[in-house]
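Colleague: What follows is entry-v7.csv, made up of CSV, C-alpha atoms:
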```csv
chain,number,residue,atom,x,y,z
M,575,MET,CA,-2.6,1.5,17.9
M,576,SER,CA,-3.3,0.3,14.3
M,577,ARG,CA,-2.7,2.7,11.4
M,578,THR,CA,-6.4,2.6,10.7
M,579,ALA,CA,-7.3,3.8,14.2
M,580,ALA,CA,-4.7,6.5,14.0
M,581,GLU,CA,-6.0,7.7,10.6
M,582,ILE,CA,-9.6,7.7,11.9
M,583,ALA,CA,-8.6,10.1,14.6
M,584,THR,CA,-7.3,12.7,12.1
M,585,GLN,CA,-10.6,13.2,10.4
M,586,PRO,CA,-11.7,16.4,12.1
M,587,ALA,CA,-8.5,18.2,11.0
M,588,CYS,CA,-8.8,16.8,7.5
M,589,TRP,CA,-12.3,18.0,7.1
M,590,ARG,CA,-11.4,21.5,8.2
M,591,ARG,CA,-8.6,21.6,5.7
M,592,ALA,CA,-11.0,20.2,3.0
M,593,ALA,CA,-13.4,23.0,3.6
M,594,LYS,CA,-10.7,25.6,3.1
M,595,ALA,CA,-9.4,23.8,0.0
M,596,ALA,CA,-12.8,23.7,-1.6
M,597,ALA,CA,-13.3,27.4,-1.2
M,598,ALA,CA,-10.2,28.0,-3.3
M,599,PHE,CA,-10.7,25.3,-5.9
M,600,PRO,CA,-12.2,26.5,-9.2
M,601,GLY,CA,-13.1,23.1,-10.8
M,602,LEU,CA,-16.1,22.0,-8.7
M,603,PRO,CA,-19.5,21.5,-10.3
M,604,GLN,CA,-21.3,24.7,-10.9
M,605,PRO,CA,-25.0,25.5,-10.1
M,606,GLY,CA,-27.3,24.2,-12.7
M,607,GLU,CA,-24.9,21.7,-14.2
M,608,ARG,CA,-26.1,18.2,-14.7
M,609,VAL,CA,-23.5,16.1,-12.9
M,610,ALA,CA,-22.6,12.4,-12.6
M,611,VAL,CA,-20.3,11.3,-9.7
M,612,THR,CA,-18.5,7.9,-9.9
M,613,GLY,CA,-16.1,5.7,-8.1
M,614,CYS,CA,-15.6,2.1,-6.9
M,615,GLY,CA,-16.4,0.6,-3.5
M,616,THR,CA,-16.1,3.2,-0.7
M,617,SER,CA,-15.6,6.0,-3.3
M,618,TRP,CA,-18.9,5.0,-5.0
M,619,PHE,CA,-20.7,5.3,-1.6
M,620,MET,CA,-19.3,8.8,-1.1
M,621,ALA,CA,-20.5,9.6,-4.6
M,622,ILE,CA,-24.0,8.5,-3.6
M,623,ALA,CA,-23.9,10.7,-0.6
M,624,TYR,CA,-22.7,13.7,-2.5
M,625,ALA,CA,-25.2,13.3,-5.3
M,626,ALA,CA,-28.1,13.4,-2.8
M,627,LEU,CA,-26.6,16.4,-1.0
M,628,ARG,CA,-26.2,18.3,-4.2
M,629,GLU,CA,-29.8,17.7,-5.2
M,630,ALA,CA,-31.0,18.6,-1.7
M,631,ALA,CA,-29.2,21.9,-2.2
M,632,ARG,CA,-31.1,22.3,-5.5
M,633,LEU,CA,-27.9,22.9,-7.5
M,634,GLY,CA,-28.8,20.6,-10.3
M,635,GLU,CA,-29.6,17.0,-11.3
M,636,THR,CA,-26.9,14.7,-9.9
M,637,ASP,CA,-26.5,11.0,-10.4
M,638,ALA,CA,-24.1,8.5,-8.9
M,639,PHE,CA,-22.8,5.3,-10.5
M,640,ALA,CA,-20.2,2.6,-9.8
M,641,SER,CA,-17.6,3.3,-12.5
M,642,SER,CA,-18.2,-0.1,-14.1
M,643,GLU,CA,-21.9,0.7,-14.4
M,644,PHE,CA,-21.7,4.2,-15.9
M,645,PRO,CA,-24.5,4.5,-18.5
M,646,ALA,CA,-23.0,4.9,-22.0
M,647,GLY,CA,-24.6,7.7,-24.0
M,648,ARG,CA,-26.2,9.6,-21.1
M,649,SER,CA,-25.5,13.3,-21.3
M,650,TYR,CA,-23.8,15.3,-18.5
M,651,ASP,CA,-22.2,18.7,-18.1
M,652,ARG,CA,-19.5,17.3,-15.8
M,653,VAL,CA,-18.4,14.0,-14.4
M,654,VAL,CA,-16.7,13.8,-11.0
M,655,ALA,CA,-14.6,10.7,-10.1
M,656,ILE,CA,-13.3,9.8,-6.7
M,657,THR,CA,-10.3,7.5,-6.5
M,658,ARG,CA,-7.9,7.4,-3.6
M,659,SER,CA,-5.2,5.5,-5.4
M,660,GLY,CA,-5.5,7.1,-8.8
M,661,THR,CA,-4.9,3.7,-10.3
M,662,THR,CA,-8.3,1.9,-10.2
M,663,THR,CA,-8.9,0.3,-13.6
M,664,GLU,CA,-12.6,1.0,-13.9
M,665,VAL,CA,-12.2,4.7,-13.0
M,666,LEU,CA,-9.3,5.2,-15.4
M,667,ASP,CA,-11.2,3.4,-18.2
M,668,LEU,CA,-14.2,5.5,-17.7
M,669,LEU,CA,-12.3,8.8,-17.7
M,670,THR,CA,-10.4,7.8,-20.8
M,671,ALA,CA,-13.7,7.0,-22.6
M,672,LEU,CA,-15.1,10.4,-21.5
M,673,ARG,CA,-12.1,12.5,-22.6
M,674,GLY,CA,-13.1,15.2,-25.1
M,675,LYS,CA,-16.8,14.4,-24.6
M,676,VAL,CA,-17.5,15.9,-21.1
M,677,PRO,CA,-15.4,17.9,-18.6
M,678,THR,CA,-14.1,15.6,-15.9
M,679,LEU,CA,-12.8,16.2,-12.3
M,680,ALA,CA,-11.0,13.6,-10.2
M,681,LEU,CA,-10.4,13.6,-6.5
M,682,THR,CA,-7.3,11.6,-5.5
M,683,ALA,CA,-4.8,11.2,-2.8
M,684,ASP,CA,-1.8,10.4,-5.0
M,685,PRO,CA,-0.5,13.0,-7.5
M,686,HIS,CA,1.9,10.5,-9.1
M,687,THR,CA,-0.6,8.2,-10.7
M,688,PRO,CA,-2.3,7.9,-14.1
M,689,VAL,CA,-5.5,9.8,-13.0
M,690,MET,CA,-3.5,13.0,-13.2
M,691,GLU,CA,-3.5,12.6,-17.0
M,692,ALA,CA,-6.9,10.9,-17.3
M,693,ALA,CA,-9.0,13.7,-15.9
M,694,ASP,CA,-9.3,17.2,-17.2
M,695,GLU,CA,-9.0,18.6,-13.6
M,696,VAL,CA,-7.7,17.0,-10.4
M,697,ALA,CA,-8.1,17.9,-6.8
M,698,VAL,CA,-5.2,16.3,-4.9
M,699,LEU,CA,-6.0,15.6,-1.3
M,700,ASP,CA,-2.7,14.0,-0.6
M,701,TRP,CA,-2.7,15.2,3.0
M,702,ALA,CA,-5.7,12.8,3.6
M,703,ASP,CA,-3.9,9.8,2.1
M,704,GLU,CA,-3.7,6.6,4.1
M,705,GLU,CA,-1.3,3.8,4.8
M,706,SER,CA,-4.1,1.4,5.7
M,707,VAL,CA,-5.7,-0.6,2.9
M,708,VAL,CA,-9.1,0.2,4.6
M,709,GLN,CA,-10.3,3.6,3.5
M,710,THR,CA,-11.5,6.0,6.3
M,711,ARG,CA,-10.2,9.5,6.3
M,712,PHE,CA,-9.6,9.9,2.5
M,713,ALA,CA,-13.2,9.0,1.7
M,714,THR,CA,-14.8,11.2,4.3
M,715,THR,CA,-12.4,14.1,3.4
M,716,ALA,CA,-13.3,13.8,-0.3
M,717,LEU,CA,-17.0,14.0,0.7
M,718,ALA,CA,-16.3,16.9,3.0
M,719,PHE,CA,-14.4,18.7,0.2
M,720,LEU,CA,-17.3,18.2,-2.2
M,721,ARG,CA,-19.9,19.0,0.5
M,722,ALA,CA,-18.2,22.3,1.4
M,723,GLY,CA,-18.4,23.3,-2.2
M,724,LEU,CA,-22.2,23.2,-2.1
M,725,GLY,CA,-22.5,26.0,0.4
M,726,ASP,CA,-25.6,25.9,2.6
M,727,VAL,CA,-27.7,22.7,2.3
M,728,PRO,CA,-31.1,22.8,4.1
M,729,GLY,CA,-31.1,20.7,7.2
M,730,VAL,CA,-27.4,19.8,7.0
M,731,LYS,CA,-24.6,21.2,9.1
M,732,SER,CA,-21.6,22.9,7.7
M,733,VAL,CA,-18.4,20.9,7.3
M,734,THR,CA,-16.8,23.0,10.1
M,735,GLU,CA,-19.7,22.1,12.4
M,736,ALA,CA,-19.5,18.4,11.4
M,737,ALA,CA,-15.8,18.5,12.4
M,738,VAL,CA,-16.8,19.5,15.9
M,739,ASP,CA,-19.1,16.5,16.1
M,740,ALA,CA,-16.3,14.3,14.8
M,741,GLU,CA,-14.0,15.2,17.6
M,742,LEU,CA,-16.6,13.8,20.1
M,743,ALA,CA,-17.2,10.7,17.9
M,744,ILE,CA,-13.5,9.9,18.1
M,745,THR,CA,-13.3,9.9,21.9
M,746,GLU,CA,-16.7,8.8,23.3
M,747,PRO,CA,-17.0,5.1,24.4
M,748,LEU,CA,-18.9,2.8,22.1
M,749,PRO,CA,-22.0,1.3,23.7
M,750,GLU,CA,-21.4,-2.2,25.0
M,751,ALA,CA,-24.5,-3.6,23.3
M,752,VAL,CA,-23.2,-2.4,20.0
M,753,VAL,CA,-19.7,-3.8,20.5
M,754,GLY,CA,-21.0,-7.2,21.7
M,755,ALA,CA,-23.7,-7.7,19.0
M,756,GLU,CA,-23.6,-10.5,16.4
M,757,GLN,CA,-25.2,-8.6,13.5
M,758,TRP,CA,-25.5,-4.9,12.4
M,759,THR,CA,-28.0,-3.3,10.0
M,760,PHE,CA,-27.2,0.3,8.8
M,761,LEU,CA,-29.9,2.6,7.6
M,762,GLY,CA,-30.0,6.0,6.0
M,763,ARG,CA,-32.2,8.4,4.1
M,764,GLY,CA,-31.2,10.8,1.3
M,765,TRP,CA,-27.5,11.5,1.5
M,766,THR,CA,-27.0,9.3,4.6
M,767,TYR,CA,-27.9,6.2,2.7
M,768,GLY,CA,-24.5,6.4,1.1
M,769,LEU,CA,-23.0,6.5,4.7
M,770,ALA,CA,-25.1,3.5,5.7
M,771,LEU,CA,-23.6,1.6,2.7
M,772,GLU,CA,-20.1,2.6,3.7
M,773,ALA,CA,-20.6,1.7,7.4
M,774,GLY,CA,-21.6,-1.8,6.4
M,775,LEU,CA,-18.7,-2.1,4.0
M,776,LYS,CA,-16.2,-1.0,6.6
M,777,MET,CA,-17.4,-3.6,9.1
M,778,ARG,CA,-17.2,-6.3,6.5
M,779,GLU,CA,-13.7,-5.3,5.3
M,780,ALA,CA,-12.0,-4.8,8.6
M,781,ALA,CA,-13.8,-7.3,10.8
M,782,GLY,CA,-15.5,-9.8,8.5
M,783,ALA,CA,-18.7,-8.8,10.3
M,784,TRP,CA,-22.3,-9.7,9.2
M,785,THR,CA,-23.8,-6.4,8.2
M,786,GLU,CA,-26.5,-5.2,5.9
M,787,SER,CA,-27.4,-1.7,4.7
M,788,TYR,CA,-30.7,-0.3,3.4
M,789,PRO,CA,-32.7,2.9,2.8
M,790,ALA,CA,-34.3,3.6,6.1
M,791,MET,CA,-37.9,3.4,4.9
M,792,GLU,CA,-37.2,0.0,3.2
M,793,TYR,CA,-36.2,-1.6,6.5
M,794,ARG,CA,-39.7,-2.6,7.4
M,795,HIS,CA,-40.3,-4.1,4.0
M,796,GLY,CA,-38.4,-7.3,4.8
M,797,PRO,CA,-35.0,-6.5,6.4
M,798,ILE,CA,-36.5,-6.1,9.9
M,799,SER,CA,-37.0,-9.9,9.8
M,800,ILE,CA,-33.3,-10.2,10.7
M,801,THR,CA,-33.6,-8.0,13.8
M,802,GLY,CA,-33.7,-9.4,17.3
M,803,PRO,CA,-31.7,-9.7,20.5
M,804,GLY,CA,-28.0,-9.3,20.0
M,805,ARG,CA,-28.6,-7.4,16.7
M,806,VAL,CA,-28.2,-3.7,16.0
M,807,THR,CA,-30.2,-1.3,13.9
M,808,TRP,CA,-28.0,1.8,13.3
M,809,VAL,CA,-29.7,4.8,11.7
M,810,PHE,CA,-27.7,7.7,10.2
M,811,GLY,CA,-29.6,10.9,10.3
M,812,PRO,CA,-33.3,11.3,10.8
M,813,LEU,CA,-35.1,8.4,12.5
M,814,PRO,CA,-38.3,7.4,10.6
M,815,ASP,CA,-41.5,7.7,12.6
M,816,GLY,CA,-42.3,4.5,14.5
M,817,LEU,CA,-39.1,2.7,13.7
M,818,SER,CA,-37.8,2.8,17.2
M,819,VAL,CA,-41.0,1.1,18.4
M,820,ASP,CA,-40.6,-1.6,15.7
M,821,VAL,CA,-37.0,-2.3,16.6
M,822,ALA,CA,-37.9,-2.6,20.3
M,823,ARG,CA,-40.8,-4.8,19.6
M,824,VAL,CA,-38.6,-7.5,18.1
M,825,GLY,CA,-35.9,-7.1,20.7
M,826,GLY,CA,-33.2,-5.3,18.7
M,827,THR,CA,-30.8,-2.6,19.8
M,828,LEU,CA,-31.4,0.8,18.1
M,829,VAL,CA,-28.6,3.3,17.5
M,830,ALA,CA,-29.7,6.8,16.4
M,831,ARG,CA,-27.8,10.0,17.0
M,832,ARG,CA,-30.0,12.7,15.6
M,833,GLU,CA,-28.1,15.5,17.1
M,834,THR,CA,-24.8,14.4,15.6
M,835,ASP,CA,-23.8,15.1,12.0
M,836,PRO,CA,-24.2,11.8,10.1
M,837,LEU,CA,-20.7,12.0,8.7
M,838,ALA,CA,-19.3,12.3,12.2
M,839,ASP,CA,-21.5,9.3,13.2
M,840,LEU,CA,-19.8,7.3,10.5
M,841,ILE,CA,-16.6,7.7,12.5
M,842,ARG,CA,-18.2,5.7,15.3
M,843,ALA,CA,-18.9,2.9,12.8
M,844,GLN,CA,-15.3,3.0,11.6
M,845,ARG,CA,-14.1,2.7,15.2
M,846,LEU,CA,-16.5,-0.2,15.8
M,847,ALA,CA,-15.0,-2.0,12.8
M,848,VAL,CA,-11.5,-1.6,14.2
M,849,THR,CA,-12.6,-2.7,17.6
M,850,LEU,CA,-14.2,-5.8,16.3
M,851,ALA,CA,-11.3,-6.7,14.0
M,852,GLU,CA,-8.9,-6.5,16.9
M,853,SER,CA,-11.1,-8.6,19.2
M,854,LYS,CA,-11.0,-11.3,16.5
M,855,GLY,CA,-7.3,-11.1,16.1
M,856,PHE,CA,-7.5,-9.5,12.7
M,857,ASP,CA,-5.2,-6.8,11.4
M,858,PRO,CA,-7.5,-3.9,10.5
M,859,ASP,CA,-4.7,-2.3,8.4
M,860,ARG,CA,-4.5,-5.4,6.1
M,861,PRO,CA,-7.9,-6.9,5.7
M,862,ARG,CA,-8.2,-10.3,4.2
M,863,ASN,CA,-8.5,-10.6,0.4
M,864,LEU,CA,-8.1,-6.8,-0.2
M,865,THR,CA,-5.5,-4.5,-1.7
M,866,ARG,CA,-5.2,-0.8,-1.8
M,867,SER,CA,-6.4,-0.6,-5.4
M,868,VAL,CA,-8.1,-3.0,-7.8
M,869,ILE,CA,-6.0,-3.1,-11.0
M,870,LEU,CA,-7.4,-5.4,-13.6
M,871,GLY,CA,-5.8,-7.1,-16.5
```
Can I see the file as structure tokens?
Modeller:
Amino acid sequence: MSRTAAEIATQPACWRRAAKAAAAFPGLPQPGERVAVTGCGTSWFMAIAYAALREAARLGETDAFASSEFPAGRSYDRVVAITRSGTTTEVLDLLTALRGKVPTLALTADPHTPVMEAADEVAVLDWADEESVVQTRFATTALAFLRAGLGDVPGVKSVTEAAVDAELAITEPLPEAVVGAEQWTFLGRGWTYGLALEAGLKMREAAGAWTESYPAMEYRHGPISITGPGRVTWVFGPLPDGLSVDVARVGGTLVARRETDPLADLIRAQRLAVTLAESKGFDPDRPRNLTRSVILG
């Protein structure tokens, strides 16, 4: 078993631990604060998901930005940065620029990195760190940690309930039509759009797969043109009315698990990425052209 596959399988336990850790952590965004969440790559996609969840919980305006695109001069009560390595250049540069201007919180997996000094407060999730270059459990655990801190979110399961769904997602067989497809399009609405972006990235990173990701309601505004036999449309969370009919009409394969927590459904996409990588003879732990952290300069 690859390290990536082994780390994927630990996610239910990591999420449960994250929920307990969040309950005891004093530095999470407070109700009513105007918050920005930032990161790079996978961390940015988790930021997008958390921002939408926090707004759905009506706890305050919440924006998400890639760290390199953070808007200069915009006012926030708190900035949250997600960085597994704690060394990503764009994240560290942003935190340095914000020091003394706005309270900052960083989530990281490594307590021996520059982010410990760059942020005002740090939540260290070192028990969710990874050996694989490809992020799986740290990213979802960071989101679980932030999500647990929101309390009840209308229409969204608790992190503990999501962990139960995750246990099934780890073991159930992947559909043959999904494994054997030539192209995959991932869709989401609200907070699950961030998950759709992450699913597509995971497939590209690990397996070099042809994937695309869109907001679910945008799918019929052009992207459906790529759908057909041998191609998958995978929806995280609620399925828009009529979409299943539209996918069937053009011969595509629809994947929609409405009863499963979308974060748990992301595990199935992670497993698919590993399966495809191995079928192509790739090493999912060491994807082509990638390193654990992007350090510029």
Colleague: Can you pull out the residues contacting range 606-610 of chain M? Cut-off 9 Å, using all atoms listed in the file, and skip same-chain residues under 5 positions away; I want them as a list in words.
Modeller: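 With the cut-off at 9 Å, the set is Ala621, Ala625, Arg632, Leu633, Gly634, Glu635, Thr636, Asp637, Ala638, Phe639, Phe644, Ser649, Tyr650, Asp651, Arg652, Val653, Val654 and Ala655 of chain M.
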Colleague: Hey, which bits of range 693-748 of chain M sit within 6 Å of range 671-688 of chain M, and for each residue what's the closest pair of atoms and how far apart in Å (one decimal), counting only C-alpha atoms, rows by chain and increasing number, as a tab-separated table?
Modeller:
```
residue	atom	partner	partner_atom	distance
M:Ala693	CA	M:Thr678	CA	5.4
M:Asp694	CA	M:Thr678	CA	5.2
M:Glu695	CA	M:Leu679	CA	4.7
M:Val696	CA	M:Ala680	CA	4.7
M:Ala697	CA	M:Leu681	CA	4.9
M:Val698	CA	M:Thr682	CA	5.2
M:Leu699	CA	M:Ala683	CA	4.8
M:Asp700	CA	M:Ala683	CA	4.1
M:Asp703	CA	M:Ala683	CA	5.2
```
Colleague: From the set M:Glu705, M:Glu750, M:Asp859, M:Asp835, which residue has the shortest atom-to-atom contact distance to Glu779 in chain M, counting only C-alpha atoms?
Modeller: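 Looking only at the distances to Glu779 in chain M, the closest residue turns out to be M:Asp859.
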Colleague: For each of M:Leu742, M:Ala631, M:Ala751, M:Leu769, take the minimum atom-to-atom distance to Pro728 in chain M, counting only C-alpha atoms, then give the residue where this is smallest.
Modeller: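 Distance minimum relative to Pro728 in chain M lands on M:Ala631.
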Colleague: Could you check how far CA of Phe760 in chain M sits from CA of Gly774 in chain M, in Å to one decimal?
Modeller: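 Pair CA of Phe760 in chain M / CA of Gly774 in chain M returns 6.4 Å.
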